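Student: What follows is a structure written as structure tokens; I'll ask about it next.
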Amino acid sequence: MMKHFINLSDISSEKLTQIIDTAKELKAAENKQLSAAKGKTLALLFFDPSLRTQVSFQTAAWQLGANVSVMQSGVNTWHIEHLPGALMDGLAQEHIMDVMQVLGSYADAIGIRRFGFGNQQDQAFQDVFFNEALKFSKVPLINLESSVSHPCQSLADRLTWEEVHPNVEKRKVVLRWASHPKPLPRAVPQSFVDMALRSGQKVEVVCPEEFRFSQNYDRYFRHLAQEFDGSFSYKDEIAEDAHVIYVKSWHSIYHPDNPHKDQELRHQHMDWTVHQHHLESSPDARLMHCLPVRRNVVASDEALNHSRSVIYQQAENRMHAQKALLMHIWDLI
Amino acid sequence: MMKHFINLSDISSEKLTQIIDTAKELKAAENKQLSAAKGKTLALLFFDPSLRTQVSFQTAAWQLGANVSVMQSGVNTWHIEHLPGALMDGLAQEHIMDVMQVLGSYADAIGIRRFGFGNQQDQAFQDVFFNEALKFSKVPLINLESSVSHPCQSLADRLTWEEVHPNVEKRKVVLRWASHPKPLPRAVPQSFVDMALRSGQKVEVVCPEEFRFSQNYDRYFRHLAQEFDGSFSYKDEIAEDAHVIYVKSWHSIYHPDNPHKDQELRHQHMDWTVHQHHLESSPDARLMHCLPVRRNVVASDEALNHSRSVIYQQAENRMHAQKALLMHIWDLI
Amino acid sequence: MMKHFINLSDISSEKLTQIIDTAKELKAAENKQLSAAKGKTLALLFFDPSLRTQVSFQTAAWQLGANVSVMQSGVNTWHIEHLPGALMDGLAQEHIMDVMQVLGSYADAIGIRRFGFGNQQDQAFQDVFFNEALKFSKVPLINLESSVSHPCQSLADRLTWEEVHPNVEKRKVVLRWASHPKPLPRAVPQSFVDMALRSGQKVEVVCPEEFRFSQNYDRYFRHLAQEFDGSFSYKDEIAEDAHVIYVKSWHSIYHPDNPHKDQELRHQHMDWTVHQHHLESSPDARLMHCLPVRRNVVASDEALNHSRSVIYQQAENRMHAQKALLMHIWDLI
């Protein structure tokens, strides 16, 4: 059975735990250069920019002995359509149906980044583009960030909170919305909550009301909280006993009849920058952010550079977690 | 003697057959990871987008143990001039004369893609840019698609038709023009006919009269048909006993005094989409296309997804054929 | 202690000599493929185009057994801010502070190209961007061309002049300004003079008065000439006993109150193209240029293609010199 990784639900809880444990072992190992994946190729196709994702996947794959091909849609490769049955007389020169079947004959796994902005009426964790890509993938497909989820980031996030609070069983993890000049996808915050709930944590979301998750996601998260014996709730303030303050901006609820609404709402909340005093009010909290971060807009330099900020540990953990993920996907663990 | 590959005529018929046979062996081999080209570097320079070409050359080279450097002119490398004696006070920052001599001191082979649109009064298979690049190449130069030929595609095409009709000696291969919103280069169709004739096939071209090849190409193709005991002709309809229907769009004959003429002609022939019934009328035919393809413009989803469509086999064969080509060029077979 | 390479002054004279000697040995060695840097990763981040720099660093690293990740700011990676304390509500999505700390957790060295145009009132060899990047680099940082220096080019330049005039102790090296349609950075000429003086050569600069170096640089160069027993002066004509004529264009002195002044000055000096007769008047001289070169603007085809032009030897030497540099940086020599 092919081991895709589009959403966290594609991997069982037991297997997720095993991947995190393998990542810890790989990180601790003295000899980083392995050869288990020698002869394999990982193809990475980007519709959106990256820095951590490209380099951490390259180093992860190289340290397993594999090679990595990198493509940028519309820059060095074609513009790509994904709607089934499309009459392709516009900008797009190639269909994702063909891209997947072709790349699948060269590569042993395909990673794709294509975020954009999900329709809030969507079913939880369904992305139209990835659903189409998946149908035609002959090799494992890895989501490098869709409009609705970023599961590779969540692997690194969980590895990080287990490292910084190793002896806590039920961690209180606070997701704190932040101001931003642009509407950003909900992929990272949704996957963060998803992963936290799947590993039994207590999740509190602090955000303006218009930035809450959709009803479908709320329902999904409450179900997960019950299944894994955690909790999910919205709060007005960051808890003093928070173990993690995860800072992130994302776009507001969907306003089909007013395209300027999101901008207005973000404008009203431009004071939601996270500051040092937020960290100081929660003495156990570690500050997390997936990066890139707009400094002094999302969070102040003082907060991001604080001794309890673990943003670089998170970024480094991308590599270790993804190395373990590749080993899982290629049946090397 | 240096083994360039600009046109099919750069390699003898016997050697072409040997390359195809090597590609079959490499494809059938259980162990894909070789080390024959360890320490070698292949440099790929693109003036136009690619997907198959980049990734299939990368995987082919990696599986031989070589490394691959990828550049995109005007994106991550300079804008490049090629006219001899040019006064370079415009956009171009570097001359191909210098690019070739510099890259030749780092790499063991150079692949270049630069199509554009050949002047129909040109001599057959002469491309001004590639002629200049070739003069200054200190290492083998591989054409990744010029304005007039795409010989690497033809290697994969021949490998494919030999696989799908292994026991036919004289295959009837029909090249069928198709509608398209843009003028496309004649590289693929011209190289397809070239390769088919060189391997003794019977070639029939079905296209609107204004899209026929130039007089120079017609003369060249008739000469090849005679030399290799095949045939070359224009037809009004796809033959019922066709073994291959190769679908492709290309630009019309050159109209120096009317820049809108090509668009008008293509507009008149927007109903030249290939449909399922074309395949059903030719019960032995395999549908071929080099990809990328604009679905439901060039050919319908039903035709491209038909059980007798071999478009993905063709694409996969790029890798195997190019691996054999690199082995030939680097004296490894 | 971390071995950065931002300016030539980062490496002692003795060590620079050792790097050049190692480069000569590597160039002469029969076996080019080594494995000393197996498991290491070199990350290259470009804000400006490259051809020699990318490919020569890739081949150098690959021949040492390392891997190379390539990024282009604003193309496949984010737009990057570097001013400390910046309120990041504009184009830039990520701060160099974060980039350096993140890449440093994946890669074993980071190369950055970002030229632009230095303020002539700056202190010699200080570049605001690189100063910031350096503060946050957890691994060796290599300057692939800043606004003020291009030390990797200078390694290749020195290797070249030692090869073409091996038995001269005090070489007369003439830096000759040339016409150009655009203002170019002063990195290459400043590093050329720097390296020449550090290795005891006699440097003469031939340029229109408005294109002389700043007072800070002149002072720095005169100090170096004294320290290393060479000489530095401005001249009106290329010396007949020149060993090297280094052709290069660069922008004029800084005119904060007149943004059009540089263009006017370059327009007045559009006849400063270097011609064959310049070479013929200096019978021992070798023509050098770092490439890319605008042919027939900076220098004529006849001059660049002259039998005493060594521009391709210089370009090839980038690879050998940088391989030695990587060995130095990674403690492999």
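Labels for the structure tokens follow display order: chains A, B, ..., residues from 1 in each chain, ligands from 1.
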Mind listing as a ChimeraX atom specification which residues of chain B are within 10 Å of chain A, counting only C-alpha atoms?

Tutor: /B:31-34,46-60,62-65,67-68,70-73,75,180-182,291-298,300-302,304,311-320

Student: Could I get chain C fitted onto chain A (least squares, all C-alpha atoms, in order) as a compact mmCIF listing (two decimals) with C-alpha atoms, in the first residue's frame?

Tutor:
```txt
# COMPACT_ATOMS: atom_id res chain seq x y z
CA MET C 1 0.03 -0.02 -0.01
CA MET C 2 1.33 3.40 -0.98
CA LYS C 3 2.23 5.68 1.90
CA HIS C 4 1.03 9.15 0.99
CA PHE C 5 1.26 12.03 3.47
CA ILE C 6 -1.37 14.64 2.60
CA ASN C 7 -2.89 15.02 6.06
CA LEU C 8 -1.92 13.75 9.49
CA SER C 9 -4.82 11.31 9.32
CA ASP C 10 -2.96 9.41 6.58
CA ILE C 11 -0.67 7.94 9.24
CA SER C 12 -1.87 6.05 12.32
CA SER C 13 -1.18 7.45 15.79
CA GLU C 14 1.20 4.60 16.53
CA LYS C 15 3.13 5.23 13.33
CA LEU C 16 3.26 8.99 13.97
CA THR C 17 4.79 8.25 17.37
CA GLN C 18 7.30 5.92 15.73
CA ILE C 19 8.27 8.61 13.19
CA ILE C 20 8.83 11.15 15.99
CA ASP C 21 10.93 8.62 17.92
CA THR C 22 12.98 7.80 14.82
CA ALA C 23 13.53 11.54 14.27
CA LYS C 24 14.91 11.82 17.82
CA GLU C 25 17.28 8.92 17.20
CA LEU C 26 18.45 10.35 13.85
CA LYS C 27 19.03 13.75 15.49
CA ALA C 28 21.09 12.16 18.27
CA ALA C 29 23.10 9.90 15.96
CA GLU C 30 26.74 10.75 15.51
CA ASN C 31 26.93 9.54 11.92
CA LYS C 32 24.49 11.61 9.87
CA GLN C 33 25.34 10.20 6.41
CA LEU C 34 23.39 7.05 5.66
CA SER C 35 22.92 5.15 2.41
CA ALA C 36 19.60 3.42 2.92
CA ALA C 37 17.90 5.39 0.11
CA LYS C 38 20.77 5.17 -2.39
CA GLY C 39 19.46 5.26 -5.96
CA LYS C 40 16.18 6.90 -4.97
CA THR C 41 14.95 10.28 -6.24
CA LEU C 42 12.69 12.76 -4.48
CA ALA C 43 10.95 15.27 -6.79
CA LEU C 44 9.85 18.56 -5.21
CA LEU C 45 7.36 20.73 -7.09
CA PHE C 46 6.72 24.23 -5.74
CA PHE C 47 3.83 26.54 -6.68
CA ASP C 48 4.82 28.87 -3.82
CA PRO C 49 8.15 29.99 -2.31
CA SER C 50 10.06 28.01 0.27
CA LEU C 51 13.35 28.08 2.14
CA ARG C 52 13.13 25.62 5.05
CA THR C 53 11.06 23.17 3.01
CA GLN C 54 13.44 22.95 0.06
CA VAL C 55 16.69 22.84 2.00
CA SER C 56 15.47 20.63 4.86
CA PHE C 57 14.04 18.07 2.42
CA GLN C 58 17.20 18.19 0.32
CA THR C 59 19.50 17.62 3.29
CA ALA C 60 17.18 14.95 4.72
CA ALA C 61 17.12 13.05 1.42
CA TRP C 62 20.85 13.51 0.77
CA GLN C 63 21.70 12.21 4.24
CA LEU C 64 19.72 9.09 3.34
CA GLY C 65 21.68 8.75 0.09
CA ALA C 66 18.87 9.91 -2.24
CA ASN C 67 18.87 12.66 -4.88
CA VAL C 68 16.44 15.59 -5.14
CA SER C 69 14.98 17.33 -8.19
CA VAL C 70 13.47 20.79 -7.59
CA MET C 71 10.87 22.46 -9.86
CA GLN C 72 9.02 25.80 -9.62
CA SER C 73 5.70 25.89 -11.49
CA GLY C 74 5.51 28.82 -13.91
CA VAL C 75 9.24 29.61 -13.48
CA ASN C 76 11.29 26.67 -14.75
CA THR C 77 8.38 24.35 -15.37
CA TRP C 78 4.94 24.81 -16.94
CA HIS C 79 1.80 26.43 -15.57
CA ILE C 80 -0.29 23.58 -14.22
CA GLU C 81 -4.07 23.00 -14.34
CA HIS C 82 -5.84 20.69 -11.91
CA LEU C 83 -9.58 20.85 -12.60
CA PRO C 84 -10.89 17.60 -14.13
CA GLY C 85 -12.13 17.94 -17.70
CA ALA C 86 -10.73 21.46 -18.08
CA LEU C 87 -10.63 22.93 -21.59
CA MET C 88 -6.99 24.02 -21.49
CA ASP C 89 -6.98 27.03 -23.78
CA GLY C 90 -5.71 29.52 -21.19
CA LEU C 91 -2.46 29.98 -19.24
CA ALA C 92 -2.02 26.39 -18.07
CA GLN C 93 0.09 24.24 -20.39
CA GLU C 94 -0.01 20.96 -18.50
CA HIS C 95 -2.47 19.08 -16.31
CA ILE C 96 -1.57 17.76 -12.84
CA MET C 97 -2.94 14.39 -14.03
CA ASP C 98 -0.06 14.19 -16.50
CA VAL C 99 2.51 15.72 -14.17
CA MET C 100 1.86 13.10 -11.51
CA GLN C 101 1.98 10.14 -13.88
CA VAL C 102 5.15 11.39 -15.57
CA LEU C 103 7.05 12.31 -12.38
CA GLY C 104 5.98 9.02 -10.89
CA SER C 105 7.95 7.21 -13.58
CA TYR C 106 11.18 9.07 -12.68
CA ALA C 107 10.93 9.68 -8.93
CA ASP C 108 10.35 7.50 -5.86
CA ALA C 109 8.33 10.16 -4.05
CA ILE C 110 6.85 13.52 -4.99
CA GLY C 111 6.52 16.53 -2.68
CA ILE C 112 4.22 19.40 -3.68
CA ARG C 113 3.68 22.83 -2.15
CA ARG C 114 0.60 24.69 -3.28
CA PHE C 115 -1.25 26.67 -0.70
CA GLY C 116 -3.66 29.41 -1.74
CA PHE C 117 -6.80 29.89 0.26
CA GLY C 118 -9.32 27.18 1.06
CA ASN C 119 -13.03 27.78 0.94
CA GLN C 120 -14.23 27.75 4.54
CA GLN C 121 -17.25 25.71 3.58
CA ASP C 122 -14.97 22.87 2.51
CA GLN C 123 -14.98 19.61 4.35
CA ALA C 124 -12.13 19.51 6.86
CA PHE C 125 -8.70 18.76 5.37
CA GLN C 126 -9.95 18.40 1.80
CA ASP C 127 -7.98 20.36 -0.79
CA VAL C 128 -9.24 20.22 -4.38
CA PHE C 129 -5.77 20.34 -5.93
CA PHE C 130 -4.24 17.66 -3.70
CA ASN C 131 -7.26 15.42 -4.12
CA GLU C 132 -6.72 15.50 -7.87
CA ALA C 133 -2.96 15.03 -7.63
CA LEU C 134 -3.40 12.06 -5.32
CA LYS C 135 -5.67 10.24 -7.77
CA PHE C 136 -2.86 10.04 -10.31
CA SER C 137 0.16 9.52 -8.10
CA LYS C 138 2.03 6.30 -8.79
CA VAL C 139 4.50 6.99 -5.94
CA PRO C 140 4.08 8.42 -2.42
CA LEU C 141 2.85 12.02 -2.47
CA ILE C 142 4.01 14.36 0.31
CA ASN C 143 2.12 17.57 1.08
CA LEU C 144 4.65 20.40 1.47
CA GLU C 145 1.75 22.76 2.40
CA SER C 146 -1.70 22.76 0.89
CA SER C 147 -4.44 25.35 1.40
CA VAL C 148 -5.60 23.42 4.45
CA SER C 149 -2.72 21.49 5.99
CA HIS C 150 1.04 21.41 6.46
CA PRO C 151 1.64 18.04 8.08
CA CYS C 152 5.46 18.11 7.70
CA GLN C 153 5.54 21.28 9.80
CA SER C 154 3.45 19.52 12.41
CA LEU C 155 5.92 16.64 12.66
CA ALA C 156 8.65 19.18 13.46
CA ASP C 157 6.35 21.05 15.85
CA ARG C 158 5.54 17.91 17.84
CA LEU C 159 9.20 16.86 17.95
CA THR C 160 9.95 20.32 19.34
CA TRP C 161 7.31 20.38 22.07
CA GLU C 162 8.30 16.89 23.18
CA GLU C 163 11.92 18.09 23.41
CA VAL C 164 11.21 21.28 25.38
CA HIS C 165 8.62 19.77 27.77
CA PRO C 166 9.61 16.09 27.83
CA ASN C 167 8.05 15.19 31.17
CA VAL C 168 4.60 16.71 30.76
CA GLU C 169 1.85 14.34 29.73
CA LYS C 170 -0.94 16.79 28.90
CA ARG C 171 0.67 19.95 27.57
CA LYS C 172 -1.35 23.14 27.29
CA VAL C 173 -0.60 24.50 23.83
CA VAL C 174 -1.96 27.92 22.95
CA LEU C 175 -2.37 28.93 19.32
CA ARG C 176 -2.25 32.72 19.20
CA TRP C 177 -3.40 34.59 16.08
CA ALA C 178 -1.21 37.54 15.06
CA SER C 179 -1.52 40.63 12.86
CA HIS C 180 -0.21 40.52 9.29
CA PRO C 181 -0.39 42.75 6.18
CA LYS C 182 -1.60 39.86 3.98
CA PRO C 183 -4.11 37.02 4.22
CA LEU C 184 -2.15 33.83 4.96
CA PRO C 185 -3.32 30.23 4.51
CA ARG C 186 -4.77 28.26 7.43
CA ALA C 187 -2.61 25.23 6.73
CA VAL C 188 -0.13 25.64 9.58
CA PRO C 189 -2.60 26.51 12.38
CA GLN C 190 -5.04 23.76 11.33
CA SER C 191 -2.30 21.13 11.21
CA PHE C 192 -0.87 22.38 14.49
CA VAL C 193 -4.23 21.87 16.23
CA ASP C 194 -4.69 18.55 14.46
CA MET C 195 -1.32 17.22 15.62
CA ALA C 196 -1.70 18.56 19.15
CA LEU C 197 -5.09 16.88 19.53
CA ARG C 198 -3.86 13.61 17.99
CA SER C 199 -1.14 13.48 20.61
CA GLY C 200 -3.57 14.18 23.46
CA GLN C 201 -2.67 17.82 24.24
CA LYS C 202 -4.96 20.56 25.57
CA VAL C 203 -5.42 23.13 22.81
CA GLU C 204 -6.54 26.71 23.36
CA VAL C 205 -6.99 29.10 20.45
CA VAL C 206 -6.72 32.85 21.06
CA CYS C 207 -7.92 34.85 18.06
CA PRO C 208 -10.43 37.54 17.07
CA GLU C 209 -13.83 35.95 16.59
CA GLU C 210 -13.83 36.43 12.81
CA PHE C 211 -10.62 34.39 12.55
CA ARG C 212 -11.97 31.24 14.23
CA PHE C 213 -11.90 27.99 12.29
CA SER C 214 -14.89 26.95 10.18
CA GLN C 215 -17.73 24.90 11.64
CA ASN C 216 -16.45 21.82 9.84
CA TYR C 217 -13.03 22.17 11.38
CA ASP C 218 -14.42 22.93 14.85
CA ARG C 219 -16.52 19.77 14.64
CA TYR C 220 -13.49 17.78 13.47
CA PHE C 221 -11.28 19.18 16.25
CA ARG C 222 -13.87 18.48 18.98
CA HIS C 223 -14.16 14.94 17.71
CA LEU C 224 -10.38 14.50 17.84
CA ALA C 225 -10.19 15.97 21.36
CA GLN C 226 -12.67 13.36 22.50
CA GLU C 227 -11.00 10.49 20.65
CA PHE C 228 -7.51 11.25 22.02
CA ASP C 229 -8.57 12.50 25.44
CA GLY C 230 -7.42 16.10 25.00
CA SER C 231 -9.37 19.33 24.73
CA PHE C 232 -10.12 22.08 22.21
CA SER C 233 -11.48 25.53 23.05
CA TYR C 234 -11.34 29.21 22.13
CA LYS C 235 -10.06 31.62 24.81
CA ASP C 236 -9.72 35.38 25.17
CA GLU C 237 -6.21 35.35 26.61
CA ILE C 238 -3.05 33.27 26.65
CA ALA C 239 -3.16 30.95 29.67
CA GLU C 240 -0.57 31.61 32.38
CA ASP C 241 0.19 27.89 32.57
CA ALA C 242 0.72 27.51 28.82
CA HIS C 243 3.56 25.19 27.80
CA VAL C 244 3.62 26.47 24.24
CA ILE C 245 2.53 29.75 22.66
CA TYR C 246 2.32 29.06 18.93
CA VAL C 247 2.16 32.42 17.12
CA LYS C 248 0.69 32.51 13.64
CA SER C 249 -1.39 34.70 11.36
CA TRP C 250 -4.08 33.36 9.06
CA HIS C 251 -6.92 34.71 6.98
CA SER C 252 -10.42 35.38 8.32
CA ILE C 253 -13.57 33.39 7.67
CA TYR C 254 -14.68 33.27 4.09
CA HIS C 255 -16.70 36.31 2.86
CA PRO C 256 -17.83 35.37 -0.66
CA ASP C 257 -19.79 38.62 -1.10
CA ASN C 258 -17.11 41.02 0.15
CA PRO C 259 -13.56 40.57 -1.16
CA HIS C 260 -12.28 43.50 0.97
CA LYS C 261 -13.66 42.13 4.25
CA ASP C 262 -10.55 40.14 5.18
CA GLN C 263 -8.32 43.18 4.74
CA GLU C 264 -10.67 45.32 6.84
CA LEU C 265 -10.67 42.74 9.61
CA ARG C 266 -6.90 42.41 9.63
CA HIS C 267 -6.62 46.19 9.65
CA GLN C 268 -8.82 46.34 12.76
CA HIS C 269 -6.53 43.88 14.53
CA MET C 270 -3.12 45.29 13.65
CA ASP C 271 -2.31 45.46 17.38
CA TRP C 272 -2.25 41.66 17.75
CA THR C 273 1.55 41.60 17.57
CA VAL C 274 3.00 39.21 20.16
CA HIS C 275 5.34 40.93 22.61
CA GLN C 276 7.82 39.97 25.28
CA HIS C 277 5.24 40.56 28.04
CA HIS C 278 3.11 37.75 26.62
CA LEU C 279 5.98 35.38 27.23
CA GLU C 280 6.69 36.82 30.64
CA SER C 281 3.10 36.34 31.76
CA SER C 282 3.41 32.61 30.98
CA PRO C 283 6.63 31.58 32.71
CA ASP C 284 6.79 28.00 31.36
CA ALA C 285 5.82 28.84 27.81
CA ARG C 286 8.04 28.32 24.81
CA LEU C 287 7.39 30.60 21.82
CA MET C 288 6.90 28.70 18.56
CA HIS C 289 6.47 29.94 14.98
CA CYS C 290 6.90 28.03 11.74
CA LEU C 291 8.85 30.82 9.93
CA PRO C 292 9.18 32.89 7.82
CA VAL C 293 8.03 35.57 10.24
CA ARG C 294 7.49 39.27 9.62
CA ARG C 295 9.39 40.68 12.56
CA ASN C 296 7.77 43.46 14.58
CA VAL C 297 4.43 42.79 12.86
CA VAL C 298 3.61 39.20 13.84
CA ALA C 299 5.87 39.26 16.87
CA SER C 300 8.45 41.70 18.20
CA ASP C 301 12.18 41.11 17.96
CA GLU C 302 12.24 40.84 21.76
CA ALA C 303 9.69 38.01 21.74
CA LEU C 304 11.24 36.13 18.80
CA ASN C 305 14.75 36.44 20.24
CA HIS C 306 13.65 35.59 23.79
CA SER C 307 15.51 32.82 25.62
CA ARG C 308 12.24 30.82 25.61
CA SER C 309 11.75 31.21 21.85
CA VAL C 310 12.38 27.86 20.12
CA ILE C 311 11.78 28.94 16.51
CA TYR C 312 15.20 27.73 15.27
CA GLN C 313 14.88 24.41 17.07
CA GLN C 314 11.55 23.98 15.22
CA ALA C 315 13.18 24.82 11.89
CA GLU C 316 16.07 22.40 12.46
CA ASN C 317 13.58 19.72 13.43
CA ARG C 318 12.01 19.93 9.97
CA MET C 319 15.08 18.11 8.65
CA HIS C 320 15.14 15.39 11.30
CA ALA C 321 11.38 14.78 11.18
CA GLN C 322 11.31 14.65 7.39
CA LYS C 323 14.26 12.26 7.30
CA ALA C 324 12.22 9.94 9.52
CA LEU C 325 9.17 10.53 7.30
CA LEU C 326 11.12 9.56 4.16
CA MET C 327 12.35 6.42 5.93
CA HIS C 328 8.74 5.56 6.77
CA ILE C 329 7.52 6.28 3.25
CA TRP C 330 10.31 4.28 1.63
CA ASP C 331 9.92 1.34 4.05
CA LEU C 332 13.30 1.93 5.66
CA ILE C 333 11.95 1.77 9.24
```

Student: I need the helix (DSSP H, G or I) residues of range 175-270 of chain A per DSSP on the backbone, written as a PyMOL selection string.

Tutor: chain A and resi 187-198+209-211+215-227+261-268

Student: As an MDAnalysis selection string, please: every residue in range 61-177 of chain B that DSSP puts in strand (DSSP E or B).

Tutor: chainID B and resid 67:73 77 80:81 94:95 109:113 141:143 172:177

Student: Selection from above, N, CA, C and O atoms, as a short mmCIF file (atom, residue, chain, number, x, y, z; two decimals), in the first residue's frame, can you write it?

Tutor:
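Just written: out-v4.cif:
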```
data_model
loop_
_atom_site.label_atom_id
_atom_site.label_comp_id
_atom_site.auth_asym_id
_atom_site.auth_seq_id
_atom_site.Cartn_x
_atom_site.Cartn_y
_atom_site.Cartn_z
N ASN B 67 26.56 14.07 -11.49
CA ASN B 67 25.82 15.17 -10.90
C ASN B 67 25.27 16.08 -12.00
O ASN B 67 25.75 16.04 -13.12
N VAL B 68 24.28 16.90 -11.64
CA VAL B 68 23.60 17.73 -12.64
C VAL B 68 23.43 19.16 -12.12
O VAL B 68 22.87 19.37 -11.04
N SER B 69 23.88 20.12 -12.89
CA SER B 69 23.70 21.54 -12.58
C SER B 69 22.64 22.11 -13.51
O SER B 69 22.70 21.91 -14.72
N VAL B 70 21.65 22.82 -12.95
CA VAL B 70 20.52 23.32 -13.75
C VAL B 70 20.52 24.86 -13.72
O VAL B 70 20.60 25.47 -12.66
N MET B 71 20.45 25.46 -14.89
CA MET B 71 20.39 26.93 -15.01
C MET B 71 19.22 27.34 -15.89
O MET B 71 18.87 26.63 -16.83
N GLN B 72 18.65 28.51 -15.60
CA GLN B 72 17.54 29.06 -16.37
C GLN B 72 17.97 30.45 -16.86
O GLN B 72 18.12 31.37 -16.03
N SER B 73 18.17 30.60 -18.15
CA SER B 73 18.64 31.89 -18.67
C SER B 73 17.65 33.00 -18.36
O SER B 73 16.45 32.87 -18.59
N THR B 77 20.39 32.79 -14.22
CA THR B 77 21.63 33.12 -14.91
C THR B 77 21.35 34.29 -15.87
O THR B 77 20.24 34.79 -15.93
N ILE B 80 21.36 35.83 -22.53
CA ILE B 80 22.47 35.35 -23.36
C ILE B 80 22.28 35.68 -24.84
O ILE B 80 21.25 35.36 -25.43
N GLU B 81 23.29 36.31 -25.42
CA GLU B 81 23.36 36.67 -26.84
C GLU B 81 24.00 35.52 -27.62
O GLU B 81 24.80 34.78 -27.05
N GLU B 94 25.73 38.33 -21.53
CA GLU B 94 26.80 37.35 -21.76
C GLU B 94 26.58 36.69 -23.11
O GLU B 94 25.44 36.51 -23.55
N HIS B 95 27.68 36.33 -23.77
CA HIS B 95 27.59 35.72 -25.10
C HIS B 95 27.71 34.21 -24.98
O HIS B 95 28.48 33.71 -24.17
N ALA B 109 29.45 17.45 -20.02
CA ALA B 109 28.52 17.54 -21.15
C ALA B 109 27.58 18.70 -20.83
O ALA B 109 27.35 19.02 -19.65
N ILE B 110 27.08 19.33 -21.88
CA ILE B 110 26.17 20.47 -21.72
C ILE B 110 24.90 20.21 -22.51
O ILE B 110 24.97 19.89 -23.70
N GLY B 111 23.76 20.31 -21.83
CA GLY B 111 22.48 20.22 -22.54
C GLY B 111 21.85 21.59 -22.60
O GLY B 111 21.87 22.31 -21.60
N ILE B 112 21.30 21.97 -23.75
CA ILE B 112 20.65 23.28 -23.88
C ILE B 112 19.27 23.13 -24.52
O ILE B 112 19.10 22.40 -25.51
N ARG B 113 18.29 23.79 -23.91
CA ARG B 113 16.97 23.93 -24.52
C ARG B 113 16.76 25.39 -24.91
O ARG B 113 16.85 26.29 -24.06
N LEU B 141 27.77 18.50 -26.63
CA LEU B 141 26.60 19.38 -26.53
C LEU B 141 25.36 18.57 -26.91
O LEU B 141 25.33 17.94 -27.97
N ILE B 142 24.37 18.60 -26.03
CA ILE B 142 23.13 17.85 -26.25
C ILE B 142 21.99 18.84 -26.46
O ILE B 142 21.79 19.74 -25.64
N ASN B 143 21.27 18.68 -27.54
CA ASN B 143 20.12 19.52 -27.86
C ASN B 143 18.90 19.04 -27.07
O ASN B 143 18.40 17.93 -27.28
N LYS B 172 3.48 1.78 -39.93
CA LYS B 172 2.87 2.98 -40.51
C LYS B 172 2.65 3.99 -39.37
O LYS B 172 1.81 3.75 -38.49
N VAL B 173 3.41 5.09 -39.40
CA VAL B 173 3.31 6.07 -38.32
C VAL B 173 2.70 7.35 -38.89
O VAL B 173 3.20 7.92 -39.85
N VAL B 174 1.59 7.74 -38.30
CA VAL B 174 0.86 8.91 -38.79
C VAL B 174 1.13 10.09 -37.85
O VAL B 174 0.90 9.99 -36.64
N LEU B 175 1.61 11.18 -38.40
CA LEU B 175 1.79 12.41 -37.63
C LEU B 175 0.57 13.29 -37.87
O LEU B 175 0.31 13.70 -39.00
N ARG B 176 -0.19 13.54 -36.83
CA ARG B 176 -1.46 14.26 -36.97
C ARG B 176 -1.36 15.63 -36.32
O ARG B 176 -1.21 15.73 -35.10
N TRP B 177 -1.47 16.69 -37.11
CA TRP B 177 -1.47 18.05 -36.60
C TRP B 177 -2.71 18.26 -35.71
O TRP B 177 -3.76 17.63 -35.94
#
```
